[in-house]
>>> print(open('protein_30.txt').read())   # compact mmCIF, N, CA and C atoms
# COMPACT_ATOMS: atom_id res chain seq x y z
N MET A 5 124.13 103.42 100.60
CA MET A 5 124.46 102.26 101.40
C MET A 5 124.03 102.51 102.85
N PRO A 6 123.46 101.51 103.48
CA PRO A 6 123.07 101.70 104.88
C PRO A 6 124.29 101.86 105.78
N THR A 7 124.12 102.68 106.80
CA THR A 7 125.22 102.91 107.74
C THR A 7 125.19 101.92 108.89
N PHE A 8 124.03 101.42 109.23
CA PHE A 8 123.80 100.51 110.35
C PHE A 8 124.02 101.14 111.71
N ASP A 9 124.33 102.45 111.73
CA ASP A 9 124.49 103.10 113.04
C ASP A 9 124.00 104.55 113.03
N ASP A 10 123.47 105.03 111.94
CA ASP A 10 122.91 106.37 111.85
C ASP A 10 121.45 106.23 111.40
N ALA A 11 120.56 106.14 112.38
CA ALA A 11 119.15 105.88 112.09
C ALA A 11 118.53 106.93 111.17
N ALA A 12 118.84 108.19 111.38
CA ALA A 12 118.25 109.24 110.56
C ALA A 12 118.72 109.14 109.10
N ALA A 13 120.00 108.88 108.89
CA ALA A 13 120.52 108.74 107.53
C ALA A 13 119.94 107.51 106.85
N ASP A 14 119.86 106.39 107.58
CA ASP A 14 119.30 105.18 106.99
C ASP A 14 117.82 105.34 106.67
N ALA A 15 117.08 106.05 107.53
CA ALA A 15 115.66 106.29 107.27
C ALA A 15 115.49 107.16 106.02
N ALA A 16 116.32 108.17 105.86
CA ALA A 16 116.24 109.02 104.68
C ALA A 16 116.56 108.23 103.41
N GLU A 17 117.54 107.35 103.49
CA GLU A 17 117.88 106.52 102.34
C GLU A 17 116.75 105.55 102.00
N ALA A 18 116.13 104.96 103.02
CA ALA A 18 115.00 104.05 102.79
C ALA A 18 113.84 104.80 102.15
N GLN A 19 113.60 106.02 102.60
CA GLN A 19 112.52 106.82 102.03
C GLN A 19 112.78 107.07 100.54
N GLN A 20 114.00 107.42 100.20
CA GLN A 20 114.34 107.67 98.79
C GLN A 20 114.23 106.39 97.96
N ALA A 21 114.66 105.27 98.53
CA ALA A 21 114.57 104.00 97.81
C ALA A 21 113.11 103.63 97.55
N LEU A 22 112.25 103.83 98.53
CA LEU A 22 110.83 103.53 98.35
C LEU A 22 110.17 104.48 97.36
N ARG A 23 110.61 105.72 97.36
CA ARG A 23 110.11 106.68 96.37
C ARG A 23 110.51 106.22 94.96
N GLY A 24 111.76 105.78 94.83
CA GLY A 24 112.22 105.27 93.54
C GLY A 24 111.45 104.03 93.11
N LEU A 25 111.16 103.15 94.07
CA LEU A 25 110.40 101.94 93.76
C LEU A 25 108.98 102.29 93.31
N ALA A 26 108.36 103.25 93.98
CA ALA A 26 107.02 103.67 93.59
C ALA A 26 107.03 104.18 92.15
N HIS A 27 108.06 104.90 91.79
CA HIS A 27 108.19 105.41 90.42
C HIS A 27 108.42 104.25 89.44
N ALA A 28 109.31 103.33 89.81
CA ALA A 28 109.67 102.22 88.92
C ALA A 28 108.51 101.25 88.68
N THR A 29 107.58 101.17 89.61
CA THR A 29 106.48 100.22 89.46
C THR A 29 105.24 100.84 88.82
N ARG A 30 105.35 102.07 88.35
CA ARG A 30 104.21 102.67 87.65
C ARG A 30 103.87 101.85 86.42
N THR A 31 104.85 101.33 85.76
CA THR A 31 104.64 100.42 84.64
C THR A 31 105.56 99.22 84.84
N ILE A 32 105.04 98.05 84.58
CA ILE A 32 105.80 96.81 84.72
C ILE A 32 106.07 96.28 83.32
N ASP A 33 107.33 96.36 82.90
CA ASP A 33 107.70 95.87 81.58
C ASP A 33 107.90 94.37 81.56
N ASP A 34 108.38 93.82 82.66
CA ASP A 34 108.64 92.39 82.74
C ASP A 34 108.02 91.87 84.03
N PRO A 35 106.84 91.24 83.94
CA PRO A 35 106.15 90.80 85.16
C PRO A 35 106.91 89.74 85.95
N ARG A 36 107.95 89.16 85.37
CA ARG A 36 108.74 88.19 86.12
C ARG A 36 109.50 88.85 87.26
N GLN A 37 109.64 90.17 87.23
CA GLN A 37 110.31 90.90 88.31
C GLN A 37 109.43 91.02 89.55
N ILE A 38 108.14 90.84 89.40
CA ILE A 38 107.21 91.04 90.51
C ILE A 38 107.54 90.11 91.67
N TYR A 39 107.91 88.88 91.40
CA TYR A 39 108.23 87.92 92.45
C TYR A 39 109.36 88.45 93.34
N ALA A 40 110.44 88.94 92.72
CA ALA A 40 111.57 89.47 93.48
C ALA A 40 111.19 90.73 94.25
N VAL A 41 110.39 91.59 93.62
CA VAL A 41 109.95 92.82 94.29
C VAL A 41 109.12 92.49 95.52
N LEU A 42 108.19 91.54 95.39
CA LEU A 42 107.36 91.16 96.53
C LEU A 42 108.21 90.57 97.66
N GLY A 43 109.20 89.76 97.31
CA GLY A 43 110.07 89.20 98.33
C GLY A 43 110.84 90.28 99.07
N SER A 44 111.34 91.25 98.34
CA SER A 44 112.07 92.35 98.97
C SER A 44 111.15 93.21 99.83
N LEU A 45 109.95 93.47 99.35
CA LEU A 45 109.00 94.28 100.12
C LEU A 45 108.58 93.56 101.40
N SER A 46 108.41 92.26 101.33
CA SER A 46 108.04 91.49 102.52
C SER A 46 109.12 91.59 103.58
N THR A 47 110.37 91.42 103.16
CA THR A 47 111.49 91.54 104.10
C THR A 47 111.60 92.97 104.64
N ALA A 48 111.38 93.95 103.78
CA ALA A 48 111.44 95.35 104.21
C ALA A 48 110.34 95.66 105.22
N ALA A 49 109.15 95.09 105.02
CA ALA A 49 108.04 95.33 105.96
C ALA A 49 108.38 94.78 107.34
N VAL A 50 109.03 93.61 107.38
CA VAL A 50 109.44 93.03 108.66
C VAL A 50 110.48 93.92 109.34
N SER A 51 111.43 94.43 108.56
CA SER A 51 112.44 95.33 109.13
C SER A 51 111.81 96.62 109.65
N LEU A 52 110.85 97.15 108.91
CA LEU A 52 110.18 98.37 109.36
C LEU A 52 109.35 98.11 110.61
N GLU A 53 108.72 96.93 110.67
CA GLU A 53 107.99 96.55 111.89
C GLU A 53 108.94 96.54 113.10
N GLN A 54 110.09 95.91 112.94
CA GLN A 54 111.07 95.87 114.03
C GLN A 54 111.51 97.27 114.43
N THR A 55 111.75 98.11 113.44
CA THR A 55 112.18 99.48 113.71
C THR A 55 111.15 100.23 114.53
N LEU A 56 109.88 100.11 114.17
CA LEU A 56 108.82 100.80 114.91
C LEU A 56 108.73 100.30 116.34
N HIS A 57 108.88 99.00 116.55
CA HIS A 57 108.86 98.47 117.91
C HIS A 57 110.08 98.95 118.71
N HIS A 58 111.24 99.06 118.05
CA HIS A 58 112.42 99.58 118.73
C HIS A 58 112.21 101.03 119.17
N LEU A 59 111.64 101.83 118.26
CA LEU A 59 111.38 103.23 118.61
C LEU A 59 110.34 103.33 119.72
N GLY A 60 109.32 102.47 119.66
CA GLY A 60 108.32 102.45 120.73
C GLY A 60 108.93 102.04 122.05
N ALA A 61 109.83 101.06 122.02
CA ALA A 61 110.49 100.60 123.25
C ALA A 61 111.35 101.71 123.86
N PHE A 62 111.93 102.55 123.02
CA PHE A 62 112.68 103.68 123.54
C PHE A 62 111.77 104.56 124.40
N HIS A 63 110.57 104.80 123.91
CA HIS A 63 109.62 105.64 124.66
C HIS A 63 109.02 104.91 125.86
N ASP A 64 109.11 103.59 125.88
CA ASP A 64 108.63 102.81 127.03
C ASP A 64 109.62 102.87 128.19
N GLY A 65 110.89 103.09 127.88
CA GLY A 65 111.94 103.00 128.88
C GLY A 65 112.25 104.31 129.57
N PRO A 66 113.49 104.47 129.95
CA PRO A 66 113.92 105.66 130.71
C PRO A 66 113.67 106.97 129.98
N ALA A 67 113.54 106.94 128.67
CA ALA A 67 113.30 108.18 127.92
C ALA A 67 112.02 108.86 128.40
N ARG A 68 111.04 108.07 128.79
CA ARG A 68 109.79 108.63 129.25
C ARG A 68 110.01 109.49 130.50
N GLN A 69 110.94 109.06 131.33
CA GLN A 69 111.21 109.81 132.55
C GLN A 69 111.90 111.14 132.28
N ARG A 70 112.53 111.25 131.11
CA ARG A 70 113.23 112.49 130.77
C ARG A 70 112.41 113.39 129.85
N ALA A 71 111.18 112.96 129.53
CA ALA A 71 110.35 113.70 128.57
C ALA A 71 109.64 114.87 129.26
N TRP A 72 109.76 116.02 128.64
CA TRP A 72 109.09 117.22 129.13
C TRP A 72 108.35 117.84 127.95
N LEU A 73 107.23 118.42 128.23
CA LEU A 73 106.47 119.10 127.19
C LEU A 73 106.09 120.47 127.72
N ASN A 74 106.65 121.50 127.12
CA ASN A 74 106.41 122.88 127.58
C ASN A 74 106.68 123.04 129.07
N GLY A 75 107.75 122.40 129.53
CA GLY A 75 108.13 122.51 130.93
C GLY A 75 107.31 121.67 131.89
N ASP A 76 106.41 120.84 131.36
CA ASP A 76 105.52 120.03 132.19
C ASP A 76 105.94 118.56 132.09
N GLU A 77 106.44 118.02 133.20
CA GLU A 77 106.91 116.63 133.21
C GLU A 77 105.78 115.65 132.94
N ARG A 78 104.61 115.86 133.55
CA ARG A 78 103.48 114.93 133.36
C ARG A 78 103.02 114.94 131.91
N ALA A 79 102.96 116.11 131.29
CA ALA A 79 102.58 116.19 129.88
C ALA A 79 103.61 115.49 129.01
N GLY A 80 104.89 115.62 129.37
CA GLY A 80 105.94 114.93 128.63
C GLY A 80 105.82 113.43 128.72
N HIS A 81 105.51 112.92 129.91
CA HIS A 81 105.31 111.48 130.08
C HIS A 81 104.12 111.01 129.26
N ALA A 82 103.03 111.78 129.29
CA ALA A 82 101.83 111.40 128.53
C ALA A 82 102.12 111.39 127.03
N ALA A 83 102.84 112.39 126.54
CA ALA A 83 103.18 112.43 125.12
C ALA A 83 104.07 111.26 124.74
N SER A 84 105.04 110.93 125.58
CA SER A 84 105.92 109.81 125.32
C SER A 84 105.13 108.50 125.27
N HIS A 85 104.17 108.36 126.19
CA HIS A 85 103.32 107.17 126.21
C HIS A 85 102.50 107.09 124.92
N GLN A 86 101.96 108.22 124.47
CA GLN A 86 101.16 108.23 123.25
C GLN A 86 102.01 107.86 122.03
N VAL A 87 103.23 108.39 121.96
CA VAL A 87 104.12 108.05 120.85
C VAL A 87 104.40 106.55 120.87
N SER A 88 104.70 106.00 122.04
CA SER A 88 104.97 104.57 122.17
C SER A 88 103.79 103.74 121.69
N TRP A 89 102.61 104.11 122.14
CA TRP A 89 101.38 103.38 121.76
C TRP A 89 101.23 103.37 120.24
N GLU A 90 101.36 104.53 119.61
CA GLU A 90 101.17 104.62 118.16
C GLU A 90 102.24 103.85 117.39
N LEU A 91 103.48 103.88 117.87
CA LEU A 91 104.55 103.16 117.19
C LEU A 91 104.34 101.64 117.29
N HIS A 92 103.99 101.16 118.46
CA HIS A 92 103.73 99.71 118.61
C HIS A 92 102.51 99.29 117.78
N ARG A 93 101.49 100.15 117.75
CA ARG A 93 100.31 99.85 116.94
C ARG A 93 100.68 99.78 115.46
N ALA A 94 101.47 100.74 114.99
CA ALA A 94 101.91 100.73 113.60
C ALA A 94 102.76 99.49 113.31
N GLY A 95 103.59 99.09 114.27
CA GLY A 95 104.40 97.88 114.10
C GLY A 95 103.54 96.64 113.92
N GLU A 96 102.46 96.56 114.69
CA GLU A 96 101.55 95.41 114.56
C GLU A 96 100.81 95.43 113.23
N ILE A 97 100.44 96.61 112.77
CA ILE A 97 99.81 96.72 111.46
C ILE A 97 100.79 96.25 110.38
N LEU A 98 102.05 96.65 110.50
CA LEU A 98 103.05 96.21 109.52
C LEU A 98 103.28 94.71 109.57
N ARG A 99 103.14 94.10 110.74
CA ARG A 99 103.26 92.64 110.82
C ARG A 99 102.20 92.00 109.94
N GLN A 100 100.99 92.56 109.97
CA GLN A 100 99.91 92.04 109.13
C GLN A 100 100.18 92.32 107.65
N VAL A 101 100.74 93.48 107.35
CA VAL A 101 101.10 93.80 105.97
C VAL A 101 102.16 92.82 105.47
N ALA A 102 103.16 92.54 106.29
CA ALA A 102 104.22 91.60 105.89
C ALA A 102 103.63 90.21 105.63
N ALA A 103 102.69 89.79 106.44
CA ALA A 103 102.05 88.49 106.23
C ALA A 103 101.29 88.47 104.91
N ALA A 104 100.60 89.56 104.60
CA ALA A 104 99.87 89.63 103.32
C ALA A 104 100.84 89.62 102.15
N LEU A 105 101.95 90.33 102.28
CA LEU A 105 102.97 90.32 101.23
C LEU A 105 103.55 88.92 101.05
N ASP A 106 103.77 88.21 102.15
CA ASP A 106 104.28 86.84 102.07
C ASP A 106 103.31 85.96 101.28
N ARG A 107 102.03 86.09 101.56
CA ARG A 107 101.03 85.28 100.84
C ARG A 107 101.02 85.64 99.35
N ALA A 108 101.07 86.93 99.03
CA ALA A 108 101.11 87.34 97.63
C ALA A 108 102.37 86.81 96.95
N HIS A 109 103.49 86.85 97.66
CA HIS A 109 104.76 86.35 97.13
C HIS A 109 104.66 84.86 96.82
N GLU A 110 104.04 84.11 97.72
CA GLU A 110 103.88 82.66 97.50
C GLU A 110 103.01 82.38 96.28
N VAL A 111 101.92 83.11 96.14
CA VAL A 111 101.03 82.89 95.01
C VAL A 111 101.68 83.35 93.71
N GLU A 112 102.41 84.45 93.76
CA GLU A 112 103.11 84.94 92.56
C GLU A 112 104.06 83.86 92.03
N ALA A 113 104.63 83.06 92.93
CA ALA A 113 105.56 82.00 92.51
C ALA A 113 104.87 80.94 91.65
N THR A 114 103.57 80.85 91.73
CA THR A 114 102.85 79.84 90.95
C THR A 114 102.48 80.32 89.56
N ILE A 115 102.65 81.61 89.29
CA ILE A 115 102.25 82.17 88.00
C ILE A 115 103.40 82.02 87.01
N ALA A 116 103.06 81.54 85.82
CA ALA A 116 104.04 81.43 84.74
C ALA A 116 103.66 82.43 83.65
N TYR A 117 104.62 83.22 83.23
CA TYR A 117 104.41 84.18 82.16
C TYR A 117 105.00 83.61 80.88
N ASP A 118 104.36 83.89 79.76
CA ASP A 118 104.83 83.39 78.47
C ASP A 118 106.23 83.93 78.20
N HIS A 119 107.20 83.03 78.21
CA HIS A 119 108.60 83.44 78.08
C HIS A 119 108.92 84.06 76.73
N ARG A 120 108.07 83.87 75.73
CA ARG A 120 108.35 84.44 74.40
C ARG A 120 108.12 85.94 74.37
N ASP A 121 107.38 86.46 75.35
CA ASP A 121 107.09 87.89 75.38
C ASP A 121 108.19 88.72 76.03
N PHE A 122 109.16 88.06 76.68
CA PHE A 122 110.16 88.78 77.45
C PHE A 122 111.54 88.20 77.15
N PRO A 123 112.58 89.03 77.23
CA PRO A 123 113.93 88.49 77.03
C PRO A 123 114.28 87.52 78.15
N LEU A 124 115.24 86.65 77.88
CA LEU A 124 115.68 85.71 78.90
C LEU A 124 116.31 86.47 80.06
N LEU A 125 116.01 86.01 81.26
CA LEU A 125 116.62 86.60 82.44
C LEU A 125 118.07 86.15 82.53
N PRO A 126 118.95 86.98 83.05
CA PRO A 126 120.33 86.54 83.21
C PRO A 126 120.41 85.37 84.18
N GLY A 127 121.34 84.52 83.96
CA GLY A 127 121.51 83.38 84.84
C GLY A 127 122.03 82.20 84.04
N PRO A 128 121.93 81.00 84.62
CA PRO A 128 122.42 79.82 83.90
C PRO A 128 121.66 79.64 82.59
N THR A 129 122.37 79.25 81.58
CA THR A 129 121.72 79.04 80.28
C THR A 129 121.13 77.65 80.24
N ARG A 130 120.01 77.55 79.56
CA ARG A 130 119.33 76.26 79.38
C ARG A 130 119.07 76.08 77.90
N SER A 131 118.94 74.86 77.51
CA SER A 131 118.65 74.62 76.10
C SER A 131 117.23 75.02 75.77
N THR A 132 116.29 74.80 76.69
CA THR A 132 114.90 75.22 76.48
C THR A 132 114.42 75.91 77.75
N PRO A 133 114.19 77.20 77.66
CA PRO A 133 113.71 77.90 78.85
C PRO A 133 112.35 77.37 79.27
N SER A 134 112.15 77.24 80.57
CA SER A 134 110.86 76.77 81.06
C SER A 134 110.14 77.93 81.74
N PRO A 135 108.82 78.02 81.52
CA PRO A 135 108.08 79.09 82.19
C PRO A 135 107.97 78.79 83.68
N GLY A 136 107.81 79.84 84.46
CA GLY A 136 107.62 79.65 85.91
C GLY A 136 108.95 79.52 86.63
N LEU A 137 108.84 79.15 87.87
CA LEU A 137 110.02 79.02 88.72
C LEU A 137 110.24 77.58 89.09
N SER A 138 111.47 77.25 89.31
CA SER A 138 111.80 75.94 89.85
C SER A 138 112.82 76.12 90.93
N LEU A 139 112.73 75.33 91.95
CA LEU A 139 113.66 75.44 93.07
C LEU A 139 114.55 74.22 93.12
>>> encode(input="protein_30.txt", output="structure tokens")
Amino acid sequence: MPTFDDAAADAAEAQQALRGLAHATRTIDDPRQIYAVLGSLSTAAVSLEQTLHHLGAFHDGPARQRAWLNGDERAGHAASHQVSWELHRAGEILRQVAAALDRAHEVEATIAYDHRDFPLLPGPTRSTPSPGLSL
């Protein structure tokens, strides 16, 4: 469970969850799950983008003034600036990744899989299951 106040613990948990997801997606038994997975990944990419910008902003602020590298204040400031630059750059790349995931998620919603090949998904019962999604 996320702590919402321990960044290191939450990052470790996210890493383990993504490792588990990578393992779980090696084979897809029910392609109807792909839509939900893409939606979750899109949201996760946005959260990771925000996280990277927050970490970059930390290095943009007063932290830079307290940064030292091998006893050299100027080197510490330069290193802090470089970390900030890379984090903001990675955040922008993730913004593009999230947009691509959103587009894939939208297109996945248009795909209908033959319902006879897979068990019924849990949810409201219908007299005749319909392929695809309806909102």
>>> atom_distance(input="protein_30.txt", atom1="atom CA of A:Ser46", atom2="atom CA of A:Asp10")
23.0 Å
>>> atom_distance(input="protein_30.txt", atom1="atom CA of A:Gln100", atom2="atom CA of A:Ala40")
19.7 Å
>>> atom_distance(input="protein_30.txt", atom1="atom C of A:Ala49", atom2="atom C of A:Leu98")
5.6 Å
>>> residues_around(input="protein_30.txt", residues="A:Asp64", least_positions_apart="3", cutoff="12 Å", atoms="only C-alpha atoms", output="number ranges by chain")
A: 57-61, 67-71, 81-92
>>> closest_residue(input="protein_30.txt", among="A:Leu25, A:Ala79, A:Ala18, A:Ala104", to="A:Pro6", atoms="only C-alpha atoms")
A:Ala18
>>> axis_aligned_box(input="protein_30.txt", around="stretch 17-35 of chain A", padding_each_side="8 Å", output="lines of an AutoDock Vina configuration file")
center_x = 110.9
center_y = 98.7
center_z = 92.5
size_x = 30.0
size_y = 33.9
size_z = 37.9
